[in-house]
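Containing mmCIF, C-alpha atoms: target35.cif.
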data_model
#
loop_
_atom_site.label_atom_id
_atom_site.label_comp_id
_atom_site.auth_asym_id
_atom_site.auth_seq_id
_atom_site.Cartn_x
_atom_site.Cartn_y
_atom_site.Cartn_z
CA MET A 153 -35.46 22.29 5.24
CA ASN A 154 -36.59 23.55 8.63
CA LYS A 155 -35.22 27.10 9.11
CA VAL A 156 -36.76 30.02 10.98
CA ILE A 157 -35.59 33.63 11.24
CA LEU A 158 -37.47 35.90 13.65
CA MET A 159 -37.05 39.43 14.93
CA GLY A 160 -38.99 40.58 17.94
CA ARG A 161 -38.97 41.72 21.55
CA LEU A 162 -38.89 39.54 24.64
CA THR A 163 -42.20 39.62 26.49
CA ARG A 164 -40.44 38.91 29.82
CA ASP A 165 -37.03 37.92 31.16
CA PRO A 166 -35.84 34.49 30.00
CA GLU A 167 -36.64 31.54 32.27
CA VAL A 168 -33.35 29.69 32.77
CA ARG A 169 -32.83 26.26 34.31
CA TYR A 170 -29.85 23.99 34.70
CA SER A 171 -29.86 20.23 34.29
CA ALA A 172 -28.81 18.11 37.26
CA GLY A 173 -25.64 16.03 37.33
CA GLU A 174 -21.93 16.44 36.82
CA ASN A 175 -22.20 17.89 33.32
CA SER A 176 -25.02 20.32 33.96
CA SER A 177 -26.07 22.44 31.01
CA ALA A 178 -28.27 25.50 30.78
CA TYR A 179 -31.73 25.59 29.22
CA ALA A 180 -33.55 28.89 28.57
CA ARG A 181 -37.10 29.57 27.43
CA TYR A 182 -38.49 32.93 26.37
CA THR A 183 -41.31 34.33 24.29
CA LEU A 184 -40.78 36.73 21.39
CA ALA A 185 -43.45 39.20 20.33
CA VAL A 186 -43.01 39.34 16.55
CA ASP A 187 -44.91 42.12 14.78
CA ARG A 188 -47.07 41.18 11.84
CA ARG A 189 -46.39 43.02 8.64
CA PHE A 190 -49.95 43.97 7.74
CA ARG A 191 -53.19 44.81 9.55
CA ARG A 192 -56.58 43.91 8.20
CA ASP A 193 -58.59 46.96 7.25
CA GLY A 194 -61.25 47.89 9.78
CA ASN A 195 -59.94 45.54 12.48
CA ASN A 196 -57.62 47.82 14.42
CA ASP A 197 -58.38 45.99 17.66
CA GLN A 198 -56.99 42.73 16.28
CA GLN A 199 -53.67 41.37 17.53
CA THR A 200 -50.76 42.75 15.50
CA ALA A 201 -48.07 40.45 16.90
CA ASP A 202 -47.48 36.75 17.22
CA PHE A 203 -46.07 35.40 20.47
CA ILE A 204 -43.56 32.68 19.71
CA THR A 205 -41.97 30.44 22.32
CA CYS A 206 -38.22 30.01 21.88
CA VAL A 207 -35.93 27.45 23.53
CA VAL A 208 -32.14 27.67 23.64
CA PHE A 209 -29.56 25.32 25.15
CA GLY A 210 -25.98 25.48 26.42
CA LYS A 211 -23.92 28.62 25.87
CA GLY A 212 -26.86 30.30 24.16
CA ALA A 213 -28.95 29.83 27.30
CA GLU A 214 -26.17 31.30 29.44
CA PHE A 215 -26.02 34.27 27.05
CA ALA A 216 -29.80 34.72 27.37
CA GLU A 217 -29.57 34.62 31.16
CA ARG A 218 -26.79 37.17 31.26
CA TYR A 219 -27.84 39.69 28.59
CA LEU A 220 -31.47 39.35 27.54
CA ARG A 221 -34.22 41.19 29.39
CA GLN A 222 -37.88 41.99 28.85
CA GLY A 223 -38.26 44.38 25.91
CA THR A 224 -34.89 43.53 24.33
CA LYS A 225 -35.16 43.36 20.54
CA ILE A 226 -33.33 40.35 19.14
CA VAL A 227 -32.99 38.30 15.97
CA VAL A 228 -33.04 34.52 16.31
CA THR A 229 -32.42 31.77 13.80
CA GLY A 230 -33.36 28.21 14.46
CA ARG A 231 -35.83 25.47 13.62
CA ILE A 232 -39.43 24.70 14.47
CA GLN A 233 -40.03 21.74 16.74
CA THR A 234 -43.46 20.35 17.56
CA GLY A 235 -44.42 18.05 20.38
CA SER A 236 -47.23 16.97 22.63
CA TYR A 237 -47.90 15.85 26.19
CA THR A 238 -50.85 14.91 28.37
CA ASN A 239 -51.61 17.43 31.10
CA ARG A 240 -52.91 16.70 34.61
CA ASP A 241 -56.50 16.80 33.42
CA GLY A 242 -55.79 14.02 30.89
CA GLN A 243 -56.02 16.34 27.90
CA LYS A 244 -53.46 16.15 25.09
CA VAL A 245 -51.60 19.46 24.65
CA TYR A 246 -49.72 20.22 21.43
CA THR A 247 -46.66 22.48 21.48
CA THR A 248 -44.72 24.41 18.85
CA ASP A 249 -41.37 25.92 19.79
CA VAL A 250 -38.46 27.48 17.96
CA VAL A 251 -35.21 25.77 18.95
CA VAL A 252 -32.74 28.66 18.75
CA GLU A 253 -29.41 28.04 17.04
CA ASP A 254 -28.25 31.67 16.97
CA GLN A 255 -29.44 34.87 18.68
CA GLU A 256 -28.24 38.45 18.25
CA PHE A 257 -29.21 41.91 19.41
CA ALA A 258 -31.29 43.78 16.82
CA GLU A 259 -30.71 47.27 18.21
CA SER A 260 -28.24 49.16 20.32
CA LYS A 261 -28.46 49.21 24.08
CA ALA A 262 -29.32 52.93 24.00
CA ALA A 263 -32.23 52.30 21.63
CA SER A 264 -33.60 49.50 23.80
CA GLN A 265 -33.57 51.82 26.81
CA GLY A 266 -36.07 54.14 25.15
CA GLN A 267 -33.98 56.53 23.11
CA SER A 268 -35.33 57.24 19.65
CA GLY A 269 -33.95 55.17 16.83
CA GLY A 270 -30.72 53.97 18.38
CA TYR A 271 -28.60 56.49 16.47
CA SER A 272 -28.02 59.96 17.77
CA ARG A 273 -26.28 62.46 15.55
CA PRO A 274 -23.29 64.14 17.21
CA ALA A 275 -23.60 67.79 18.16
CA ALA A 276 -22.56 70.29 15.51
CA PRO A 277 -19.08 71.76 16.00
CA ALA A 278 -18.79 75.39 17.07
CA ALA A 279 -16.61 76.40 14.13
CA ALA A 280 -17.86 76.03 10.56
CA PRO A 281 -16.21 73.08 8.85
CA SER A 282 -14.07 73.60 5.78
CA PRO A 283 -15.77 72.81 2.44
CA SER A 284 -13.86 69.50 2.14
CA GLU A 285 -15.06 68.41 5.60
CA ALA A 286 -18.65 69.67 5.26
CA SER A 287 -21.31 67.05 4.84
CA ALA A 288 -24.14 67.34 2.38
CA GLY A 289 -26.68 66.84 5.18
CA ASP A 290 -27.24 63.21 4.28
CA GLY A 291 -24.39 61.80 6.39
CA PHE A 292 -21.85 61.68 3.54
CA MET A 293 -18.80 63.85 3.06
CA ASN A 294 -18.58 66.04 -0.04
CA ILE A 295 -15.87 64.93 -2.45
CA PRO A 296 -14.02 67.84 -4.06
CA ASP A 297 -14.19 68.21 -7.85
CA GLY A 298 -11.25 66.91 -9.90
CA ILE A 299 -10.33 64.11 -7.49
CA ASP A 300 -11.75 61.34 -9.71
CA GLU A 301 -8.37 60.28 -11.11
CA GLU A 302 -6.96 59.83 -7.57
CA LEU A 303 -9.60 57.31 -6.46
CA PRO A 304 -8.41 53.68 -6.60
CA PHE A 305 -11.77 52.22 -7.65
CA ASN A 306 -12.56 53.98 -10.95
#
In structure tokens, write the structure found in this file.
Amino acid sequence: MNKVILMGRLTRDPEVRYSAGENSSAYARYTLAVDRRFRRDGNNDQQTADFITCVVFGKGAEFAERYLRQGTKIVVTGRIQTGSYTNRDGQKVYTTDVVVEDQEFAESKAASQGQSGGYSRPAAPAAAPSPSEASAGDGFMNIPDGIDEELPFN
């Protein structure tokens, strides 16, 4: 099985090209900076991200062209594909790419534009909420005592 799941940020805007001919299709290439989970002790100057080249075709490439920009955090699923070619100097160059099958945003647009966390708590209302509407401070509503028999999932 050849399956890859990555989450990272684009290092620059996607490079998009279209094939020639009547049935032209889009082809996009971008690089994801994927953070490593752990750092080696004492080597703080060492690279903490891997830079992975991703390739996407068709509608996915059109999506990348339209919506993805440098710094956008995305999740991609796909497969690893290796290849090789001979460059102009006659040297053999080996390549490893992720062929993207699916790509999604990993954070909100507000978070990607520099706001902290992507979730902003709404402003507190001017009037004090009633006890049944008050939250416990953890984002959940308080459930009044004695309501257990009314809940449909006991």
Subject >> Ground truth for the PyMOL selection byres ((chain A and resi 234-249) around 12), written as a ChimeraX atom specification >> reply: /A:154,156,181-184,203-208,230-233,250-252
Original post:
Using only C-alpha atoms, which of the listed residues (A:Ser176, A:Glu259, A:Thr229, A:Pro166) sits closest to Ala213 (chain A)?
Top reply: A:Pro166
Original post:
When you draw a straight line from CA of Arg218 (chain A) to CA of Val168 (chain A), how long is it in Å?
Top reply: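 So the two atoms, CA of Arg218 (chain A) and CA of Val168 (chain A), lie 10.1 Å apart.
The space separating CA of Asp187 (chain A) from CA of Arg221 (chain A) comes to 18.1 Å.
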**OP:** Could you list the residues chosen by the PyMOL selection byres ((chain A and resi 202) around 6) in this structure as a ChimeraX atom specification?
**Re:** /A:185-186,201,203
**OP:** Quote the spacing between CA of Tyr170 (chain A) and CA of Phe209 (chain A) in Å to one decimal place.
**Re:**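 Calculated distance between CA of Tyr170 (chain A) and CA of Phe209 (chain A) is 9.6 Å.
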Subject >> Given only C-alpha atoms as the counted atoms, nearest of A:Glu253, A:Arg189, A:Glu167, A:Ser260 to Glu217 (chain A) >> reply: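 Checking each of A:Glu253, A:Arg189, A:Glu167, A:Ser260 against Glu217 (chain A), counting only C-alpha atoms, the winner is A:Glu167.
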